[in-house]
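*Asks:* Sharing run-v6.cif below, mmCIF, C-alpha atoms and all ligand atoms:
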data_target
loop_
_atom_site.label_atom_id
_atom_site.label_comp_id
_atom_site.auth_asym_id
_atom_site.auth_seq_id
_atom_site.Cartn_x
_atom_site.Cartn_y
_atom_site.Cartn_z
CA MET A 1 -12.86 -3.93 3.33
CA PRO A 2 -9.87 -2.96 5.50
CA LYS A 3 -7.22 -0.83 3.83
CA LEU A 4 -3.94 -2.64 3.30
CA ASP A 5 -1.82 -0.12 5.24
CA ASP A 6 -4.14 -0.26 8.24
CA LEU A 7 -4.14 -4.04 8.17
CA ILE A 8 -0.34 -4.18 8.06
CA GLU A 9 -0.20 -1.88 11.12
CA GLU A 10 -2.73 -4.15 12.82
CA LEU A 11 -0.57 -7.18 12.01
CA VAL A 12 2.50 -5.50 13.52
CA THR A 13 0.42 -4.74 16.63
CA GLY A 14 -0.79 -8.35 16.76
CA ASN A 15 2.83 -9.55 16.74
CA ARG A 16 3.83 -7.17 19.53
CA ILE A 17 0.82 -8.10 21.69
CA LEU A 18 1.44 -11.83 21.33
CA ALA A 19 5.02 -11.21 22.47
CA ARG A 20 4.02 -8.94 25.36
CA GLU A 21 1.38 -11.39 26.59
CA GLY A 22 3.81 -14.34 26.55
CA VAL A 23 2.18 -16.30 23.72
CA VAL A 24 5.25 -16.09 21.47
CA ASP A 25 8.90 -15.61 22.31
CA SER A 26 11.62 -15.47 19.65
CA PHE A 27 9.49 -17.87 17.62
CA GLY A 28 5.86 -18.05 16.57
CA HIS A 29 3.96 -15.88 14.08
CA ILE A 30 0.65 -14.34 13.06
CA SER A 31 -0.68 -13.79 9.54
CA VAL A 32 -3.74 -12.21 7.93
CA ARG A 33 -5.44 -12.99 4.65
CA HIS A 34 -4.79 -10.27 2.03
CA PRO A 35 -7.86 -7.99 1.95
CA ASP A 36 -7.76 -7.51 -1.85
CA HIS A 37 -6.36 -10.89 -2.94
CA PRO A 38 -7.98 -13.72 -0.94
CA GLN A 39 -5.51 -16.20 -2.45
CA ARG A 40 -2.64 -14.44 -0.68
CA TYR A 41 -1.71 -13.72 2.90
CA LEU A 42 0.50 -11.29 4.82
CA LEU A 43 3.16 -12.53 7.25
CA SER A 44 6.40 -11.13 8.59
CA ARG A 45 9.82 -12.15 7.36
CA SER A 46 11.62 -14.52 9.72
CA ARG A 47 12.01 -12.34 12.79
CA ALA A 48 11.07 -12.44 16.50
CA PRO A 49 7.54 -11.00 16.84
CA ASP A 50 8.56 -8.34 19.35
CA CYS A 51 11.02 -6.88 16.80
CA ILE A 52 8.67 -6.75 13.82
CA GLU A 53 8.16 -3.51 11.88
CA LYS A 54 5.93 -2.62 8.96
CA ASP A 55 8.65 -3.25 6.37
CA ASP A 56 9.05 -6.83 7.59
CA ILE A 57 5.57 -7.79 6.40
CA MET A 58 5.70 -9.90 3.23
CA GLU A 59 3.01 -11.17 0.88
CA PHE A 60 2.68 -14.88 0.05
CA ALA A 61 0.67 -17.06 -2.30
CA LEU A 62 -1.27 -19.75 -0.45
CA ASP A 63 1.39 -22.33 -1.35
CA GLY A 64 3.99 -20.27 0.56
CA THR A 65 5.71 -18.67 -2.44
CA PRO A 66 6.72 -15.07 -1.64
CA ILE A 67 5.21 -12.51 -4.05
CA ASP A 68 8.17 -10.15 -3.75
CA ALA A 69 10.70 -11.33 -1.19
CA GLY A 70 13.03 -8.38 -1.74
CA GLY A 71 15.91 -10.27 -0.12
CA ARG A 72 13.89 -11.06 3.01
CA ALA A 73 13.99 -14.63 4.42
CA PRO A 74 10.54 -16.09 5.21
CA TYR A 75 9.54 -18.26 8.17
CA LEU A 76 10.07 -21.99 7.54
CA GLU A 77 6.61 -22.76 8.97
CA ARG A 78 4.61 -20.37 6.76
CA TYR A 79 2.79 -23.39 5.26
CA ILE A 80 0.61 -23.56 8.38
CA HIS A 81 -0.97 -20.27 7.34
CA GLY A 82 -1.48 -20.94 3.63
CA ALA A 83 -2.92 -24.39 4.21
CA LEU A 84 -5.53 -23.02 6.61
CA TYR A 85 -6.52 -20.17 4.26
CA GLU A 86 -6.76 -22.70 1.44
CA ALA A 87 -9.02 -25.03 3.42
CA ARG A 88 -11.13 -22.43 5.20
CA PRO A 89 -12.55 -19.38 3.38
CA ASP A 90 -13.91 -18.15 6.75
CA VAL A 91 -10.43 -17.92 8.30
CA ILE A 92 -8.91 -14.43 8.07
CA SER A 93 -6.06 -14.64 10.57
CA VAL A 94 -3.83 -17.46 11.84
CA VAL A 95 -1.51 -17.62 14.86
CA HIS A 96 1.12 -20.31 15.30
CA ASN A 97 2.98 -20.40 18.60
CA HIS A 98 4.92 -22.54 21.04
CA SER A 99 3.29 -21.10 24.15
CA GLU A 100 4.67 -22.92 27.14
CA SER A 101 1.58 -23.90 29.11
CA VAL A 102 -0.05 -25.72 26.17
CA ILE A 103 2.90 -28.02 25.46
CA PRO A 104 2.19 -30.55 28.28
CA PHE A 105 -1.34 -31.03 26.93
CA GLY A 106 0.04 -32.08 23.55
CA VAL A 107 2.20 -34.85 24.99
CA THR A 108 -0.10 -36.43 27.60
CA ALA A 109 -3.59 -37.88 27.71
CA ALA A 110 -4.79 -34.70 29.45
CA LYS A 111 -6.98 -32.69 27.06
CA ILE A 112 -7.33 -28.92 27.18
CA LYS A 113 -10.93 -27.99 27.95
CA PRO A 114 -12.46 -24.62 28.80
CA ILE A 115 -12.06 -24.15 32.55
CA PHE A 116 -13.18 -20.53 32.96
CA HIS A 117 -15.39 -18.22 31.00
CA MET A 118 -12.66 -16.44 29.02
CA GLY A 119 -11.40 -19.90 28.07
CA ALA A 120 -14.64 -20.74 26.26
CA SER A 121 -13.23 -19.10 23.11
CA ILE A 122 -10.86 -22.06 22.63
CA GLY A 123 -13.85 -24.27 21.69
CA HIS A 124 -15.31 -27.45 23.14
CA GLU A 125 -12.38 -29.62 22.13
CA VAL A 126 -8.79 -28.80 21.18
CA PRO A 127 -7.52 -31.65 18.99
CA VAL A 128 -3.86 -32.63 18.98
CA TRP A 129 -2.01 -32.95 15.67
CA ASP A 130 0.90 -35.39 15.78
CA SER A 131 3.31 -34.87 12.88
CA HIS A 132 4.71 -38.35 13.48
CA ASP A 133 1.41 -40.04 12.51
CA HIS A 134 1.80 -39.29 8.79
CA PHE A 135 5.31 -37.93 8.42
CA GLY A 136 7.42 -40.04 10.81
CA ASP A 137 10.61 -38.60 12.22
CA THR A 138 10.84 -34.93 11.27
CA ALA A 139 12.29 -31.81 12.87
CA LEU A 140 8.66 -31.26 14.00
CA LEU A 141 8.38 -28.07 11.95
CA VAL A 142 5.58 -27.68 9.40
CA GLU A 143 7.95 -27.06 6.50
CA ASN A 144 5.87 -27.98 3.45
CA MET A 145 2.27 -27.82 2.20
CA ALA A 146 1.65 -31.54 2.77
CA MET A 147 2.22 -31.08 6.48
CA GLY A 148 0.26 -27.83 6.53
CA ARG A 149 -2.71 -29.47 4.82
CA ASP A 150 -2.59 -32.41 7.21
CA LEU A 151 -2.77 -29.99 10.15
CA ALA A 152 -5.59 -28.00 8.50
CA LYS A 153 -7.51 -31.24 7.99
CA LEU A 154 -7.27 -32.06 11.68
CA ILE A 155 -8.47 -28.57 12.66
CA GLY A 156 -11.45 -29.10 10.34
CA SER A 157 -14.09 -26.48 11.09
CA GLY A 158 -12.60 -25.71 14.53
CA GLY A 159 -10.45 -22.81 15.62
CA THR A 160 -7.67 -24.35 17.69
CA ALA A 161 -5.28 -27.30 17.66
CA LEU A 162 -2.27 -28.36 19.66
CA MET A 163 0.78 -29.83 17.95
CA ARG A 164 2.48 -32.68 19.78
CA GLY A 165 5.90 -31.72 21.13
CA HIS A 166 5.70 -28.40 19.35
CA GLY A 167 2.97 -25.85 20.11
CA ALA A 168 -0.43 -24.69 18.93
CA THR A 169 -2.24 -23.12 15.99
CA VAL A 170 -5.28 -20.83 16.13
CA ALA A 171 -7.55 -19.87 13.22
CA GLY A 172 -9.52 -16.66 13.72
CA ARG A 173 -12.09 -14.48 11.98
CA ASN A 174 -9.74 -11.46 12.15
CA ILE A 175 -6.41 -10.49 13.75
CA ARG A 176 -7.93 -9.40 17.07
CA HIS A 177 -9.97 -12.58 17.37
CA ALA A 178 -6.98 -14.84 16.60
CA VAL A 179 -4.85 -12.99 19.17
CA TYR A 180 -7.64 -13.13 21.76
CA VAL A 181 -8.10 -16.89 21.41
CA SER A 182 -4.32 -17.45 21.47
CA VAL A 183 -3.92 -15.47 24.70
CA TYR A 184 -6.77 -17.32 26.42
CA LEU A 185 -5.63 -20.72 25.15
CA GLU A 186 -2.38 -20.10 27.04
CA VAL A 187 -4.18 -18.78 30.16
CA ASN A 188 -6.67 -21.68 30.12
CA ALA A 189 -3.83 -24.21 29.90
CA ARG A 190 -2.04 -22.58 32.83
CA LEU A 191 -5.15 -22.49 35.03
CA GLN A 192 -6.20 -26.00 34.03
CA LYS A 193 -2.81 -27.37 35.06
CA GLN A 194 -3.14 -25.62 38.43
CA ALA A 195 -6.60 -27.09 38.95
CA MET A 196 -5.48 -30.56 37.89
CA ASP A 197 -2.60 -30.39 40.37
CA MET A 198 -5.18 -29.85 43.14
CA VAL A 199 -7.46 -32.69 42.05
CA ALA A 200 -5.76 -35.43 44.03
CA ASP A 201 -6.68 -33.75 47.30
CA LEU A 202 -9.85 -31.89 46.44
CA GLY A 203 -11.81 -33.97 43.92
CA GLU A 204 -12.62 -33.53 40.23
CA VAL A 205 -12.02 -30.41 38.15
CA LYS A 206 -15.31 -28.79 37.11
CA TYR A 207 -14.99 -27.71 33.50
CA LEU A 208 -17.48 -25.43 31.74
CA HIS A 209 -20.61 -27.25 30.61
CA PRO A 210 -20.95 -27.51 26.79
CA GLY A 211 -23.98 -25.20 26.88
CA GLU A 212 -21.96 -22.62 28.81
CA VAL A 213 -19.20 -22.77 26.20
CA ASP A 214 -21.80 -22.10 23.49
CA LYS A 215 -23.34 -19.20 25.38
CA VAL A 216 -20.01 -17.51 26.06
CA ALA A 217 -18.93 -18.07 22.44
CA GLU A 218 -22.12 -16.38 21.18
CA ARG A 219 -21.23 -13.31 23.20
CA THR A 220 -17.53 -13.15 22.27
CA GLY A 221 -17.67 -10.33 19.74
CA SER A 222 -15.94 -7.03 19.09
CA TYR A 223 -17.44 -5.50 22.27
CA GLY A 224 -15.30 -7.67 24.54
CA ILE A 225 -12.39 -8.29 22.20
CA ASN A 226 -11.83 -4.55 21.56
CA ARG A 227 -11.75 -3.90 25.30
CA ALA A 228 -8.93 -6.43 25.65
CA TRP A 229 -7.26 -5.08 22.49
CA GLU A 230 -7.08 -1.50 23.84
CA ASN A 231 -5.48 -2.77 27.05
CA TRP A 232 -3.04 -5.01 25.19
CA CYS A 233 -2.06 -2.17 22.79
CA ARG A 234 -1.16 -0.03 25.77
CA ARG A 235 0.84 -2.82 27.40
CA ALA A 236 2.67 -3.47 24.12
CA GLY A 237 3.35 0.24 23.50
CA ARG A 238 1.39 0.26 20.25
CA PRO A 239 -1.16 2.87 19.08
CA LEU A 240 -4.81 1.82 19.14
CA GLN A 241 -6.26 1.93 15.63
CA ALA A 242 -9.91 1.86 14.64
CA ASP A 243 -11.04 -1.76 14.36
CA PRO A 244 -10.33 -2.72 10.72
CA GLY A 245 -12.81 -5.60 11.10
ZN ZN B 1 6.38 -23.94 15.28
#
For the file at hand, write its structure as structure tokens.

*Replies:*
Amino acid sequence: MPKLDDLIEELVTGNRILAREGVVDSFGHISVRHPDHPQRYLLSRSRAPDCIEKDDIMEFALDGTPIDAGGRAPYLERYIHGALYEARPDVISVVHNHSESVIPFGVTAAKIKPIFHMGASIGHEVPVWDSHDHFGDTALLVENMAMGRDLAKLIGSGGTALMRGHGATVAGRNIRHAVYVSVYLEVNARLQKQAMDMVADLGEVKYLHPGEVDKVAERTGSYGINRAWENWCRRAGRPLQADPG
């Protein structure tokens, strides 16, 4: 069971890495389920991820109610996190972002599919959630539990989803895993777009075979993720902690 202080440090590091690796900019966020109270989660106050410090981390009930706000303003889209923790006991960390390369895949018929071996972690299919289907004209933000639950339902037992005209959400088994998948979802989208641009002249894009995706996924554990994490900590100027699991 990770200690709360260590997990909060890890969450700050996750925020900084996502910013450094271009997955989030002034917007986007990462949360972790509370290690001692599974019906709560930890998430920063409303602040750009690259600026986040330990004291910004707040605790929320799954319905998005702050446990002790202490004058801090929460993110409007915190319901994404609570709805996923509510629906999925196996989910320990959630990333929501507006990473640029994924956006075109949410607004066209082109589907994101694993195109290289690091991209296998995004899963066989990345479904697209369209807020307009059930909620009509909105500001596109997931600003209540009904919208959060609708998104969680679309994600089902998967780990990734795009959000039409908005961004993406990733559900992970811990902070490092959620960050890892988020980084490679962005990289996969970028590379896939490059390959698709070449298709007209050079033939079809060869995506990973489903069996290859399964084999890579089986091998995506702490051995590989911690290697990336050490490198990303250094790039983000954050200390490397022992893996809190
Ligand atoms: Zn958003």

*Asks:* Around ligand ZN 1 (chain B), at most 12 Å away and counting all atoms listed in the file, which residues are there? Put them as a PyMOL selection string, please.

*Replies:* chain A and resi 24-30+75-81+95-99+103+131+139-143+148+162-169

*Asks:* Mind checking which residues fall within 9 Å of Arg190 in chain A, counting only C-alpha atoms, ignoring those fewer than 3 positions away in the same chain, and posting them as a tab-separated table (two decimals) with C-alpha atoms, in the frame of the given file?

*Replies:*
chain	number	residue	atom	x	y	z
A	100	GLU	CA	4.67	-22.92	27.14
A	101	SER	CA	1.58	-23.90	29.11
A	102	VAL	CA	-0.05	-25.72	26.17
A	185	LEU	CA	-5.63	-20.72	25.15
A	186	GLU	CA	-2.38	-20.10	27.04
A	187	VAL	CA	-4.18	-18.78	30.16
A	193	LYS	CA	-2.81	-27.37	35.06
A	194	GLN	CA	-3.14	-25.62	38.43
A	195	ALA	CA	-6.60	-27.09	38.95

*Asks:* Hey, which bits of range 141-232 of chain A sit within 10 Å of range 6-13 of chain A, and for each residue what's the closest pair of atoms and how far apart in Å (one decimal), counting all atoms listed in the file, rows by chain and increasing number, as JSON lines?

*Replies:*
{"residue": "A:Ile175", "atom": "CA", "partner": "A:Leu11", "partner_atom": "CA", "distance": 6.9}
{"residue": "A:Arg176", "atom": "CA", "partner": "A:Glu10", "partner_atom": "CA", "distance": 8.5}
{"residue": "A:Trp229", "atom": "CA", "partner": "A:Thr13", "partner_atom": "CA", "distance": 9.7}
{"residue": "A:Trp232", "atom": "CA", "partner": "A:Thr13", "partner_atom": "CA", "distance": 9.2}

*Asks:* Which residue gives the smallest distance to Asp90 in chain A among A:Val32, A:Ala161, A:Val216, A:Ile17, with all atoms listed in the file counted?

*Replies:*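 Of the candidates, the smallest distance to Asp90 in chain A is held by A:Val32.
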
*Asks:* Using all atoms listed in the file, can you tell me which of A:Ala178, A:Val128, A:Val213, A:Ala87 comes closest to Thr108 in chain A?

*Replies:*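 Checking each candidate against Thr108 in chain A, we get A:Val128 as the closest.
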
*Asks:* Calculate how many Å separate CA of Asp197 in chain A from CA of Gly106 in chain A, rounding to one decimal.

*Replies:*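 These atoms are spaced 17.1 Å apart.
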
*Asks:* In Å, how far is it from CA of Ala236 in chain A to CA of Arg20 in chain A?

*Replies:*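 Calculated distance between CA of Ala236 in chain A and CA of Arg20 in chain A is 5.8 Å.
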
*Asks:* Nearest to His37 in chain A among A:Leu62, A:Ala19, A:Ala242, A:Cys51, with distances taken over only C-alpha atoms: which residue is it?

*Replies:*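 Looking at the shortest contact to His37 in chain A, the residue is A:Leu62.
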
*Asks:* Which is closer to Leu240 in chain A than all the others in A:Met145, A:Asp130, A:Gly14, A:Phe60, using only C-alpha atoms?

*Replies:* A:Gly14

*Asks:* Can you measure CA of Tyr41 in chain A to CA of Gly22 in chain A for me? One decimal in Å is fine.

*Replies:*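 Distance reported for this atom pair: 24.3 Å.
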
*Asks:* Given the choices A:Gly71, A:Gly82, A:Pro38, A:Pro104, which gets closest to Met147 in chain A if the distance is worked out from all atoms listed in the file?

*Replies:*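 Of all the options, A:Gly82 lies closest to Met147 in chain A.
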
*Asks:* Taking (-13.0, -5.9, 7.8) in the file's coordinates as the center, which residues reach within 9 Å of it, counting all atoms listed in the file, put as a PyMOL selection string?

*Replies:* chain A and resi 1-3+35+174+243-245

*Asks:* Based on the selection just made, write C-alpha atoms of those residues as a short mmCIF file (atom, residue, chain, number, x, y, z; two decimals), keeping the file's coordinate frame.

*Replies:*
data_model
loop_
_atom_site.label_atom_id
_atom_site.label_comp_id
_atom_site.auth_asym_id
_atom_site.auth_seq_id
_atom_site.Cartn_x
_atom_site.Cartn_y
_atom_site.Cartn_z
CA MET A 1 -12.86 -3.93 3.33
CA PRO A 2 -9.87 -2.96 5.50
CA LYS A 3 -7.22 -0.83 3.83
CA PRO A 35 -7.86 -7.99 1.95
CA ASN A 174 -9.74 -11.46 12.15
CA ASP A 243 -11.04 -1.76 14.36
CA PRO A 244 -10.33 -2.72 10.72
CA GLY A 245 -12.81 -5.60 11.10
#

*Asks:* Can you tell me which residues surround Leu154 in chain A at a distance of at most 8 Å, considering only C-alpha atoms, apart from same-chain residues fewer than 4 positions away, and format the answer as a count of residues only?

*Replies:* 4

*Asks:* What lies within 12 Å of Ala217 in chain A using all atoms listed in the file, ignoring chain neighbours under 6 positions off, as a ChimeraX atom specification?

*Replies:* /A:114,117-124,159,177,181,208,210-211,224-225

*Asks:* In terms of the shortest atom-to-atom distance over all atoms listed in the file, which of A:Gly221, A:Gly70, A:Gly136, A:Gly156 is closest to Glu86 in chain A?

*Replies:*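 Smallest separation from Glu86 in chain A among the options: A:Gly156.
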
*Asks:* Write out as a ChimeraX atom specification each polymer residue whose atoms come within 9 Å of Tyr207 in chain A, counting all atoms listed in the file; drop sequence neighbours fewer than 5 positions from it.

*Replies:* /A:113-116,192

*Asks:* Taking the partial coordinates given, rebuild range 217-239 of chain A to contain N, CA and C atoms; return it as a tab-separated table (two decimals), keeping the file's coordinate frame.

*Replies:*
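What landed in selection_12.tsv:
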chain	number	residue	atom	x	y	z
A	217	ALA	N	-19.42	-18.26	23.82
A	217	ALA	CA	-18.93	-18.07	22.44
A	217	ALA	C	-19.85	-17.13	21.66
A	218	GLU	N	-21.15	-17.26	21.87
A	218	GLU	CA	-22.12	-16.38	21.18
A	218	GLU	C	-21.88	-14.92	21.53
A	219	ARG	N	-21.39	-14.68	22.73
A	219	ARG	CA	-21.23	-13.31	23.20
A	219	ARG	C	-19.81	-12.78	23.01
A	220	THR	N	-18.92	-13.60	22.46
A	220	THR	CA	-17.53	-13.15	22.27
A	220	THR	C	-17.43	-12.43	20.93
A	221	GLY	N	-17.73	-11.14	20.96
A	221	GLY	CA	-17.67	-10.33	19.74
A	221	GLY	C	-16.75	-9.15	19.95
A	222	SER	N	-16.86	-8.16	19.05
A	222	SER	CA	-15.94	-7.03	19.09
A	222	SER	C	-16.07	-6.21	20.38
A	223	TYR	N	-17.25	-6.24	21.01
A	223	TYR	CA	-17.44	-5.50	22.27
A	223	TYR	C	-16.39	-5.90	23.31
A	224	GLY	N	-16.26	-7.19	23.53
A	224	GLY	CA	-15.30	-7.67	24.54
A	224	GLY	C	-13.88	-7.71	24.00
A	225	ILE	N	-13.73	-8.13	22.76
A	225	ILE	CA	-12.39	-8.29	22.20
A	225	ILE	C	-11.70	-6.92	22.08
A	226	ASN	N	-12.46	-5.88	21.69
A	226	ASN	CA	-11.83	-4.55	21.56
A	226	ASN	C	-11.43	-3.97	22.92
A	227	ARG	N	-12.14	-4.35	23.96
A	227	ARG	CA	-11.75	-3.90	25.30
A	227	ARG	C	-10.39	-4.49	25.66
A	228	ALA	N	-10.23	-5.79	25.40
A	228	ALA	CA	-8.93	-6.43	25.65
A	228	ALA	C	-7.86	-5.82	24.74
A	229	TRP	N	-8.24	-5.58	23.48
A	229	TRP	CA	-7.26	-5.08	22.49
A	229	TRP	C	-6.69	-3.73	22.91
A	230	GLU	N	-7.55	-2.83	23.40
A	230	GLU	CA	-7.08	-1.50	23.84
A	230	GLU	C	-6.05	-1.66	24.97
A	231	ASN	N	-6.38	-2.53	25.92
A	231	ASN	CA	-5.48	-2.77	27.05
A	231	ASN	C	-4.16	-3.37	26.59
A	232	TRP	N	-4.26	-4.34	25.68
A	232	TRP	CA	-3.04	-5.01	25.19
A	232	TRP	C	-2.19	-4.05	24.35
A	233	CYS	N	-2.82	-3.17	23.58
A	233	CYS	CA	-2.06	-2.17	22.79
A	233	CYS	C	-1.23	-1.30	23.73
A	234	ARG	N	-1.87	-0.88	24.82
A	234	ARG	CA	-1.16	-0.03	25.77
A	234	ARG	C	0.01	-0.77	26.39
A	235	ARG	N	-0.23	-2.02	26.79
A	235	ARG	CA	0.84	-2.82	27.40
A	235	ARG	C	1.99	-3.07	26.43
A	236	ALA	N	1.65	-3.18	25.13
A	236	ALA	CA	2.67	-3.47	24.12
A	236	ALA	C	3.29	-2.18	23.55
A	237	GLY	N	2.80	-1.02	23.99
A	237	GLY	CA	3.35	0.24	23.50
A	237	GLY	C	3.01	0.52	22.06
A	238	ARG	N	1.84	0.07	21.64
A	238	ARG	CA	1.39	0.26	20.25
A	238	ARG	C	0.15	1.16	20.22
A	239	PRO	N	0.03	2.02	19.18
A	239	PRO	CA	-1.16	2.87	19.08
A	239	PRO	C	-2.41	2.03	18.82
